[in-house]
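Q: Would you mind keeping the following structure in view while I ask a few things?
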Amino acid sequence: MPANAPLEEATGRNDPARLEADRPVLLYNCNLIDGTGAPAQPGSAILIEGERIRAVWPGGVPEGLEDTWLAGEGGPPARLDLAGQTVIPGLIDMHVHLRGDEWALPLYLAHGVTTVRECGNMLRVLRYLDDLVATGQQSGPRLFWSGPLFDGANPGWPPFMCNAVGSTEQADRYLTGWQDHPVDFIKLYSNIEPREVRYMIERTQDWGYYLTMHPGQSDLPALLDAGLNGFEHIFSLSRYLAPQFFSGVGRRDNNGFYFRQVGALWAELGQGKLPAARAELLRLFDLMLKRQTILTPTLALNWSCGYQEAPEVKHNPLLGLISPSLRRIWAAGRLTAGWQEADYELSRRSTAVMAEYVAYYRQQGGPVLVGSDTPNAYLIPGLSLHQELEILAEAGLAPLELIRMASWEAAQVLERSERPDRARRFGKLAEGYLADLVVLTADPSHDIRRCRSIRWVVKGGQFHDPGRLAPLPVTTDDLLARTN
C-alpha cells in the first residue's frame, strides 16, 4: 500500500458516528501532533483497535503493509479520511472540583478534555460520578482524585470536603489503612501546620502517593526539604512571599480583599518593586527546580477574576449549560466582592505577571502542569482549560510544548497512582497507548487557540461529536476574527 494512497471508505460515509461497534478504525491523511513536543507530521495514520492505539504511522501507512495485518481480530478496519485535519492527544485538566455536577461531565469532553484530576471532594460523590462515566450513563472524562483534602485544626472548608488535622495523632487516625483508601494522590491545604505536613509526608512517602499542596504562609522551603511533590496555584505563594500584604485577612471570610491583595502584590512585582519578595520567589524556584517540584498555576482563576465583568464572560452563551445554583454563586462575585474597576485592571495585569513567572520556571526546566480550578468564578468546565493554555502561550510558552504539558506530562504524573483500576499508558499518540485524541479542523502548532477547533473527541476509542455533547457557539474562526 503506497504511502498516502487513497483508501476505500469502509463506512459508506466519512462519519465516525456510523462506525460499527468494536470495529478497528484507521484514521488517515491527518496532521499528527503526538504529544511529545515533536513537530506535526502531515499525511499520518493512526489505527485504533478497541480502547487503544494499535499503530501510528507518521507520514503515512508504509508501502506493502497488508490489509490482513491491519485487520487484527476485529476484521478489516473502518477507514476515516481526515482530509488533513490535525489530531492531538486528549487534553488533561489537572485541577478541577466536580462538586456533584454530573451535568459538567459532557462539557469537559466536548472541549477535548478526556481526563481530569479532581482536587477535593467527597469520595461518595466521586465514586458516583466515576460510575456514571464508567457504565456509559453519562459521557465524560476519566477521573483521578484526592478525595477530601487535609487541612488544619481550623479548616477553611466544610467537613465533607476536608480532614481537619490539628496534631500528628489526628493525622495518624486519618492515615490508618490509607494504603487501601481509593485515592490517587493526597492534597494538603493552607491551614495545616508544617509539623503535620512533614509528618504526613514521612508517613506516606513509601506508599507511592504524590503529595501536592495549596500552600499558605508556612515555611515552604522546609516543606520542599521534607519531600512535598507539588504546589497548586501560583497565587497561593503570595502569603509566603509578602505576608505584610495580607495582615488581618481571614482564611475564607474576605476573598474579595484577599484576591485584591494578590493582584496588588504581583502587579508590583511586575513593576520591579518588592525586591525582597522577588528574591525570595527566585530562591523558592531554585529549590523547586532542584527537587523537580510540580507547579500547577491555575492562572485561569486569576484571569476570570480580572475579566469577571467583561461582556464575553458575563454573557457567554455557554452559561446556559451551567447549573442555576452555580450561576447564582458566580453572580454573587464572592472572589471579587467590593471591587472597583481599578481592582479588575490590577488583577488583569497581575495575571500576566504571574504567567511570566510560570513561563520562567518552565523555561528553567521546572515541571508545570495545566489546570483550571473550575468551577470557580465563571470558569466553564472544559473551556477554562483552553483559557489556561492561552494565558501561558501569551507568556511565551510554545503551543507544542503546551500540548505536551496538557497531555503526556500530565498523564505521567497521574500514572503515579497506586490504584490498580486506574488508566495506564495514556497521554500521547503512540502504539499501545489509550486512544484518547481530539480531531481539530485547524493546526495549533503556531497558535494554541486553534485547539478550540474541535471536530471529534475520542476517549478510549469511542468517538464523540462535541455538538451533541454540548452546543459550542464560539468557533475558532470566530475567535481568531475577533482577536487578530
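Numbering starts fresh at 1 for the residues of each chain in the C-alpha cells, the chains themselves are lettered A, B, ... in the order given, and ligands are numbered from 1 as they appear.
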Using only C-alpha atoms, determine which residues lie at most 10 Å from Thr374 (chain A), disregarding the query and same-chain residues fewer than 4 positions distant; provide the list as a ChimeraX atom specification.
A: /A:93,95-98,118,298,300-301,378-385
Q: Write a file of the selected residues as an mmCIF file, in the first residue's frame, keeping N, CA, C and O atoms.
A:
data_model
loop_
_atom_site.group_PDB
_atom_site.id
_atom_site.type_symbol
_atom_site.label_atom_id
_atom_site.label_comp_id
_atom_site.auth_asym_id
_atom_site.auth_seq_id
_atom_site.Cartn_x
_atom_site.Cartn_y
_atom_site.Cartn_z
ATOM 1 N N ASP A 93 -7.085 18.160 32.336
ATOM 2 C CA ASP A 93 -7.194 19.290 33.257
ATOM 3 C C ASP A 93 -6.751 18.796 34.629
ATOM 4 O O ASP A 93 -7.407 17.962 35.254
ATOM 5 N N HIS A 95 -6.512 20.341 37.546
ATOM 6 C CA HIS A 95 -7.061 20.897 38.792
ATOM 7 C C HIS A 95 -8.515 21.288 38.568
ATOM 8 O O HIS A 95 -8.807 22.348 38.027
ATOM 9 N N VAL A 96 -9.406 20.413 38.982
ATOM 10 C CA VAL A 96 -10.839 20.709 38.907
ATOM 11 C C VAL A 96 -11.497 20.315 40.225
ATOM 12 O O VAL A 96 -10.943 19.571 41.023
ATOM 13 N N HIS A 97 -12.708 20.855 40.418
ATOM 14 C CA HIS A 97 -13.580 20.429 41.515
ATOM 15 C C HIS A 97 -14.942 20.128 40.889
ATOM 16 O O HIS A 97 -15.583 21.024 40.328
ATOM 17 N N LEU A 98 -15.360 18.890 40.972
ATOM 18 C CA LEU A 98 -16.597 18.482 40.297
ATOM 19 C C LEU A 98 -17.844 18.686 41.151
ATOM 20 O O LEU A 98 -18.956 18.568 40.642
ATOM 21 N N GLU A 118 -9.299 15.581 40.047
ATOM 22 C CA GLU A 118 -10.211 16.226 40.991
ATOM 23 C C GLU A 118 -9.472 16.471 42.299
ATOM 24 O O GLU A 118 -8.908 15.560 42.884
ATOM 25 N N THR A 298 -2.889 27.334 37.700
ATOM 26 C CA THR A 298 -4.324 27.703 37.634
ATOM 27 C C THR A 298 -4.514 29.196 37.404
ATOM 28 O O THR A 298 -5.265 29.869 38.099
ATOM 29 N N ALA A 300 -6.109 30.555 35.066
ATOM 30 C CA ALA A 300 -7.453 30.868 34.580
ATOM 31 C C ALA A 300 -8.315 31.460 35.681
ATOM 32 O O ALA A 300 -9.196 32.289 35.421
ATOM 33 N N LEU A 301 -8.085 31.036 36.934
ATOM 34 C CA LEU A 301 -8.854 31.592 38.046
ATOM 35 C C LEU A 301 -8.584 33.080 38.192
ATOM 36 O O LEU A 301 -9.519 33.888 38.324
ATOM 37 N N TYR A 378 -16.850 31.868 37.079
ATOM 38 C CA TYR A 378 -17.118 31.874 35.641
ATOM 39 C C TYR A 378 -16.144 31.006 34.844
ATOM 40 O O TYR A 378 -15.933 31.238 33.650
ATOM 41 N N LEU A 379 -15.568 30.008 35.475
ATOM 42 C CA LEU A 379 -14.723 29.053 34.766
ATOM 43 C C LEU A 379 -15.603 27.898 34.283
ATOM 44 O O LEU A 379 -16.030 27.050 35.067
ATOM 45 N N ILE A 380 -15.870 27.872 32.997
ATOM 46 C CA ILE A 380 -16.761 26.883 32.405
ATOM 47 C C ILE A 380 -16.002 25.583 32.195
ATOM 48 O O ILE A 380 -14.892 25.593 31.634
ATOM 49 N N PRO A 381 -16.531 24.459 32.664
ATOM 50 C CA PRO A 381 -15.816 23.185 32.521
ATOM 51 C C PRO A 381 -15.361 22.935 31.086
ATOM 52 O O PRO A 381 -16.145 23.055 30.148
ATOM 53 N N GLY A 382 -14.102 22.592 30.927
ATOM 54 C CA GLY A 382 -13.546 22.316 29.605
ATOM 55 C C GLY A 382 -13.010 23.564 28.927
ATOM 56 O O GLY A 382 -11.830 23.638 28.570
ATOM 57 N N LEU A 383 -13.854 24.561 28.751
ATOM 58 C CA LEU A 383 -13.424 25.817 28.122
ATOM 59 C C LEU A 383 -12.297 26.463 28.920
ATOM 60 O O LEU A 383 -11.356 27.029 28.352
ATOM 61 N N SER A 384 -12.369 26.374 30.248
ATOM 62 C CA SER A 384 -11.380 27.031 31.102
ATOM 63 C C SER A 384 -9.974 26.472 30.885
ATOM 64 O O SER A 384 -8.990 27.201 31.075
ATOM 65 N N LEU A 385 -9.846 25.209 30.504
ATOM 66 C CA LEU A 385 -8.510 24.675 30.235
ATOM 67 C C LEU A 385 -7.903 25.346 29.009
ATOM 68 O O LEU A 385 -6.696 25.632 28.977
#
Q: Please, which residues of region 333-479 of chain A, numbered as in this document, come out alpha helix (DSSP H) from DSSP, as a VMD selection string?
A: chain A and resid 341 to 363 383 to 394 399 to 405 408 to 414 466 to 469 476 to 479
Q: Give me the residues near region 449-466 of chain A as an MDAnalysis selection string, where near means some atom within 7 Å (using only C-alpha atoms) and where sequence neighbours in that chain fewer than 5 positions away do not count.
A: chainID A and resid 16 48 50:52 110 112 114 390 434:444 475:476
Q: Could you find all residues in region 51-290 of chain A that DSSP calls strand (DSSP E or B) from the backbone, and write them as a PyMOL selection string?
A: chain A and resi 52-57+78-81+86-89+91-96+113-118+142-145+149-151+162-164+186-188+211-213+230-232
Q: Name all residues at most 9 Å from Gly140 (chain A) (count only C-alpha atoms; drop same-chain ones fewer than 4 positions away) and give them as a list in words.
A: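 Listing them by chain and then by number gives Glu102, Ala104, Leu105, Pro106, Leu107, Tyr108, Leu109, Ala110, Val113, Thr114, Thr115, Asp130, Leu132, Val133, Ala134, Gly136 and Lys459 of chain A.
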Q: For N, CA and C atoms, I'd like the residues from the last selection saved as a tab-separated table (two decimals), in the first residue's frame.
A:
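New file again.tsv:
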chain	number	residue	atom	x	y	z
A	102	GLU	N	-22.89	16.36	37.78
A	102	GLU	CA	-22.85	15.41	36.67
A	102	GLU	C	-23.10	16.11	35.34
A	104	ALA	N	-21.67	18.66	34.34
A	104	ALA	CA	-20.39	19.20	33.85
A	104	ALA	C	-19.59	18.18	33.05
A	105	LEU	N	-19.85	16.90	33.27
A	105	LEU	CA	-19.01	15.86	32.66
A	105	LEU	C	-18.97	15.95	31.13
A	106	PRO	N	-20.11	16.02	30.43
A	106	PRO	CA	-20.03	16.12	28.96
A	106	PRO	C	-19.41	17.42	28.47
A	107	LEU	N	-19.49	18.50	29.29
A	107	LEU	CA	-18.86	19.76	28.88
A	107	LEU	C	-17.35	19.61	28.79
A	108	TYR	N	-16.75	18.91	29.74
A	108	TYR	CA	-15.32	18.65	29.65
A	108	TYR	C	-14.99	17.92	28.36
A	109	LEU	N	-15.72	16.85	28.10
A	109	LEU	CA	-15.43	16.04	26.92
A	109	LEU	C	-15.64	16.82	25.64
A	110	ALA	N	-16.67	17.64	25.59
A	110	ALA	CA	-16.95	18.44	24.40
A	110	ALA	C	-15.81	19.39	24.06
A	113	VAL	N	-11.33	17.59	26.68
A	113	VAL	CA	-10.72	17.19	27.94
A	113	VAL	C	-11.17	15.76	28.24
A	114	THR	N	-10.27	14.81	28.07
A	114	THR	CA	-10.63	13.41	28.24
A	114	THR	C	-10.27	12.86	29.62
A	115	THR	N	-9.52	13.63	30.43
A	115	THR	CA	-9.15	13.22	31.78
A	115	THR	C	-9.10	14.45	32.67
A	130	ASP	N	-17.82	8.81	38.86
A	130	ASP	CA	-16.97	7.87	38.15
A	130	ASP	C	-17.78	6.70	37.60
A	132	LEU	N	-20.98	6.76	36.81
A	132	LEU	CA	-21.80	7.25	35.69
A	132	LEU	C	-21.03	7.17	34.37
A	133	VAL	N	-19.77	7.58	34.41
A	133	VAL	CA	-18.95	7.58	33.19
A	133	VAL	C	-18.56	6.15	32.81
A	134	ALA	N	-18.14	5.36	33.81
A	134	ALA	CA	-17.66	4.00	33.53
A	134	ALA	C	-18.75	3.12	32.95
A	136	GLY	N	-21.34	4.20	31.19
A	136	GLY	CA	-21.93	4.78	29.99
A	136	GLY	C	-23.22	5.52	30.23
A	459	LYS	N	-12.40	9.17	23.18
A	459	LYS	CA	-11.95	8.75	24.51
A	459	LYS	C	-12.02	7.24	24.59
Q: So that I can see what lies close to region 160-171 of chain A, please list as a PDB file with all heavy atoms, in the first residue's frame the residues with an atom at most 7 Å from it, counting only C-alpha atoms and leaving out residues fewer than 6 positions away in the same chain.
A:
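Produced file part.pdb, reproduced below:
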ATOM      1  N   GLY A 120     -10.405  17.793  45.462  1.00  0.00           N
ATOM      2  CA  GLY A 120     -11.024  17.976  46.772  1.00  0.00           C
ATOM      3  C   GLY A 120     -12.518  17.781  46.722  1.00  0.00           C
ATOM      4  O   GLY A 120     -13.244  18.656  46.268  1.00  0.00           O
ATOM      5  N   ASN A 121     -12.984  16.627  47.228  1.00  0.00           N
ATOM      6  CA  ASN A 121     -14.409  16.333  47.154  1.00  0.00           C
ATOM      7  C   ASN A 121     -14.699  15.122  48.028  1.00  0.00           C
ATOM      8  O   ASN A 121     -13.797  14.411  48.468  1.00  0.00           O
ATOM      9  CB  ASN A 121     -14.818  16.040  45.702  1.00  0.00           C
ATOM     10  CG  ASN A 121     -16.281  16.329  45.432  1.00  0.00           C
ATOM     11  OD1 ASN A 121     -17.101  16.351  46.346  1.00  0.00           O
ATOM     12  ND2 ASN A 121     -16.611  16.555  44.170  1.00  0.00           N
ATOM     13  N   MET A 122     -15.986  14.872  48.258  1.00  0.00           N
ATOM     14  CA  MET A 122     -16.396  13.679  48.983  1.00  0.00           C
ATOM     15  C   MET A 122     -16.163  12.442  48.130  1.00  0.00           C
ATOM     16  O   MET A 122     -16.483  12.436  46.935  1.00  0.00           O
ATOM     17  CB  MET A 122     -17.886  13.757  49.335  1.00  0.00           C
ATOM     18  CG  MET A 122     -18.244  14.767  50.391  1.00  0.00           C
ATOM     19  SD  MET A 122     -19.997  14.670  50.844  1.00  0.00           S
ATOM     20  CE  MET A 122     -20.754  15.376  49.378  1.00  0.00           C
ATOM     21  N   PRO A 148     -11.209  13.896  50.009  1.00  0.00           N
ATOM     22  CA  PRO A 148     -11.140  15.063  50.906  1.00  0.00           C
ATOM     23  C   PRO A 148      -9.702  15.512  51.098  1.00  0.00           C
ATOM     24  O   PRO A 148      -8.793  14.694  51.240  1.00  0.00           O
ATOM     25  CB  PRO A 148     -11.737  14.537  52.216  1.00  0.00           C
ATOM     26  CG  PRO A 148     -12.552  13.349  51.823  1.00  0.00           C
ATOM     27  CD  PRO A 148     -11.860  12.740  50.645  1.00  0.00           C
ATOM     28  N   LEU A 149      -9.494  16.826  51.104  1.00  0.00           N
ATOM     29  CA  LEU A 149      -8.159  17.345  51.323  1.00  0.00           C
ATOM     30  C   LEU A 149      -7.840  17.375  52.820  1.00  0.00           C
ATOM     31  O   LEU A 149      -8.729  17.242  53.664  1.00  0.00           O
ATOM     32  CB  LEU A 149      -8.018  18.727  50.683  1.00  0.00           C
ATOM     33  CG  LEU A 149      -9.120  19.765  50.962  1.00  0.00           C
ATOM     34  CD1 LEU A 149      -8.882  20.472  52.271  1.00  0.00           C
ATOM     35  CD2 LEU A 149      -9.219  20.745  49.812  1.00  0.00           C
ATOM     36  N   PHE A 150      -6.569  17.544  53.155  1.00  0.00           N
ATOM     37  CA  PHE A 150      -6.113  17.594  54.539  1.00  0.00           C
ATOM     38  C   PHE A 150      -5.799  19.033  54.907  1.00  0.00           C
ATOM     39  O   PHE A 150      -4.880  19.638  54.345  1.00  0.00           O
ATOM     40  CB  PHE A 150      -4.871  16.715  54.724  1.00  0.00           C
ATOM     41  CG  PHE A 150      -5.154  15.244  54.689  1.00  0.00           C
ATOM     42  CD1 PHE A 150      -5.266  14.570  53.482  1.00  0.00           C
ATOM     43  CD2 PHE A 150      -5.320  14.525  55.858  1.00  0.00           C
ATOM     44  CE1 PHE A 150      -5.525  13.218  53.432  1.00  0.00           C
ATOM     45  CE2 PHE A 150      -5.587  13.162  55.828  1.00  0.00           C
ATOM     46  CZ  PHE A 150      -5.689  12.502  54.617  1.00  0.00           C
ATOM     47  N   ASP A 151      -6.571  19.582  55.852  1.00  0.00           N
ATOM     48  CA  ASP A 151      -6.390  20.967  56.281  1.00  0.00           C
ATOM     49  C   ASP A 151      -6.020  20.978  57.761  1.00  0.00           C
ATOM     50  O   ASP A 151      -5.884  19.935  58.397  1.00  0.00           O
ATOM     51  CB  ASP A 151      -7.679  21.752  56.023  1.00  0.00           C
ATOM     52  CG  ASP A 151      -7.425  23.238  55.852  1.00  0.00           C
ATOM     53  OD1 ASP A 151      -6.280  23.676  56.033  1.00  0.00           O
ATOM     54  OD2 ASP A 151      -8.383  23.970  55.550  1.00  0.00           O
ATOM     55  N   GLY A 152      -5.892  22.167  58.328  1.00  0.00           N
ATOM     56  CA  GLY A 152      -5.503  22.303  59.714  1.00  0.00           C
ATOM     57  C   GLY A 152      -6.648  22.084  60.682  1.00  0.00           C
ATOM     58  O   GLY A 152      -7.767  21.722  60.302  1.00  0.00           O
ATOM     59  N   ALA A 153      -6.373  22.350  61.961  1.00  0.00           N
ATOM     60  CA  ALA A 153      -7.379  22.128  63.001  1.00  0.00           C
ATOM     61  C   ALA A 153      -8.584  23.037  62.814  1.00  0.00           C
ATOM     62  O   ALA A 153      -9.708  22.690  63.205  1.00  0.00           O
ATOM     63  CB  ALA A 153      -6.756  22.356  64.379  1.00  0.00           C
ATOM     64  N   ASN A 154      -8.364  24.208  62.229  1.00  0.00           N
ATOM     65  CA  ASN A 154      -9.451  25.142  61.933  1.00  0.00           C
ATOM     66  C   ASN A 154      -9.575  25.245  60.419  1.00  0.00           C
ATOM     67  O   ASN A 154      -9.109  26.190  59.800  1.00  0.00           O
ATOM     68  CB  ASN A 154      -9.154  26.514  62.544  1.00  0.00           C
ATOM     69  CG  ASN A 154     -10.290  27.487  62.336  1.00  0.00           C
ATOM     70  OD1 ASN A 154     -11.427  27.099  62.055  1.00  0.00           O
ATOM     71  ND2 ASN A 154      -9.982  28.774  62.463  1.00  0.00           N
ATOM     72  N   ILE A 192      -2.982  23.747  57.362  1.00  0.00           N
ATOM     73  CA  ILE A 192      -2.305  22.675  58.082  1.00  0.00           C
ATOM     74  C   ILE A 192      -0.912  23.141  58.496  1.00  0.00           C
ATOM     75  O   ILE A 192      -0.212  23.813  57.733  1.00  0.00           O
ATOM     76  CB  ILE A 192      -2.251  21.388  57.238  1.00  0.00           C
ATOM     77  CG1 ILE A 192      -1.767  20.198  58.082  1.00  0.00           C
ATOM     78  CG2 ILE A 192      -1.398  21.561  56.003  1.00  0.00           C
ATOM     79  CD1 ILE A 192      -1.939  18.862  57.369  1.00  0.00           C
ATOM     80  N   GLU A 196       2.613  18.889  60.952  1.00  0.00           N
ATOM     81  CA  GLU A 196       1.739  17.833  60.452  1.00  0.00           C
ATOM     82  C   GLU A 196       2.016  17.523  58.980  1.00  0.00           C
ATOM     83  O   GLU A 196       1.898  16.372  58.550  1.00  0.00           O
ATOM     84  CB  GLU A 196       0.264  18.220  60.640  1.00  0.00           C
ATOM     85  CG  GLU A 196      -0.269  18.017  62.049  1.00  0.00           C
ATOM     86  CD  GLU A 196       0.308  19.001  63.054  1.00  0.00           C
ATOM     87  OE1 GLU A 196       0.148  20.222  62.828  1.00  0.00           O
ATOM     88  OE2 GLU A 196       0.929  18.549  64.043  1.00  0.00           O
ATOM     89  N   TYR A 199       5.019  15.332  58.931  1.00  0.00           N
ATOM     90  CA  TYR A 199       4.674  14.002  59.435  1.00  0.00           C
ATOM     91  C   TYR A 199       3.930  13.198  58.374  1.00  0.00           C
ATOM     92  O   TYR A 199       4.215  12.006  58.155  1.00  0.00           O
ATOM     93  CB  TYR A 199       3.817  14.134  60.692  1.00  0.00           C
ATOM     94  CG  TYR A 199       3.471  12.802  61.317  1.00  0.00           C
ATOM     95  CD1 TYR A 199       4.413  12.100  62.066  1.00  0.00           C
ATOM     96  CD2 TYR A 199       2.205  12.235  61.151  1.00  0.00           C
ATOM     97  CE1 TYR A 199       4.104  10.874  62.641  1.00  0.00           C
ATOM     98  CE2 TYR A 199       1.888  11.014  61.719  1.00  0.00           C
ATOM     99  CZ  TYR A 199       2.848  10.338  62.462  1.00  0.00           C
ATOM    100  OH  TYR A 199       2.531   9.126  63.022  1.00  0.00           O
ATOM    101  N   MET A 200       2.986  13.835  57.671  1.00  0.00           N
ATOM    102  CA  MET A 200       2.222  13.129  56.649  1.00  0.00           C
ATOM    103  C   MET A 200       3.118  12.719  55.484  1.00  0.00           C
ATOM    104  O   MET A 200       2.952  11.637  54.917  1.00  0.00           O
ATOM    105  CB  MET A 200       1.060  13.987  56.158  1.00  0.00           C
ATOM    106  CG  MET A 200      -0.038  14.166  57.191  1.00  0.00           C
ATOM    107  SD  MET A 200      -1.499  14.944  56.493  1.00  0.00           S
ATOM    108  CE  MET A 200      -1.999  13.712  55.312  1.00  0.00           C
TER     109      MET A 200
END
Q: For Arg23 (chain A), which residue out of A:Ala398, A:Ala78, A:Leu429, A:Val61 is the nearest one, using only C-alpha atoms?
A: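 Between A:Ala398, A:Ala78, A:Leu429, A:Val61, the residue approaching Arg23 (chain A) most closely is A:Ala78.
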Q: Could you name the residues that touch Gly256 (chain A) at 12 Å or less, counting only C-alpha atoms, but leaving out those on the same chain fewer than 4 positions away, as an MDAnalysis selection string?
A: chainID A and resid 246 249:252 260:263 305:306 332:340 343:344 347 377
Q: Env of Asn316 (chain A): 10 Å cut, atoms = only C-alpha atoms, seq-sep filter 3 positions within chain, self excluded. Answer as a PyMOL selection string.
A: chain A and resi 310-313+319-320+378+380+473-474
Q: One decimal, Å: what's the distance from CA of Leu143 (chain A) over to CA of Asp421 (chain A), could you say?
A: 11.3 Å
Q: Could you check which of A:Trp330, A:His181, A:Asp34, A:Glu431 is closest to Trp408 (chain A), using only C-alpha atoms?
A: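 With only C-alpha atoms as the atom set, the closest residue is A:Asp34.
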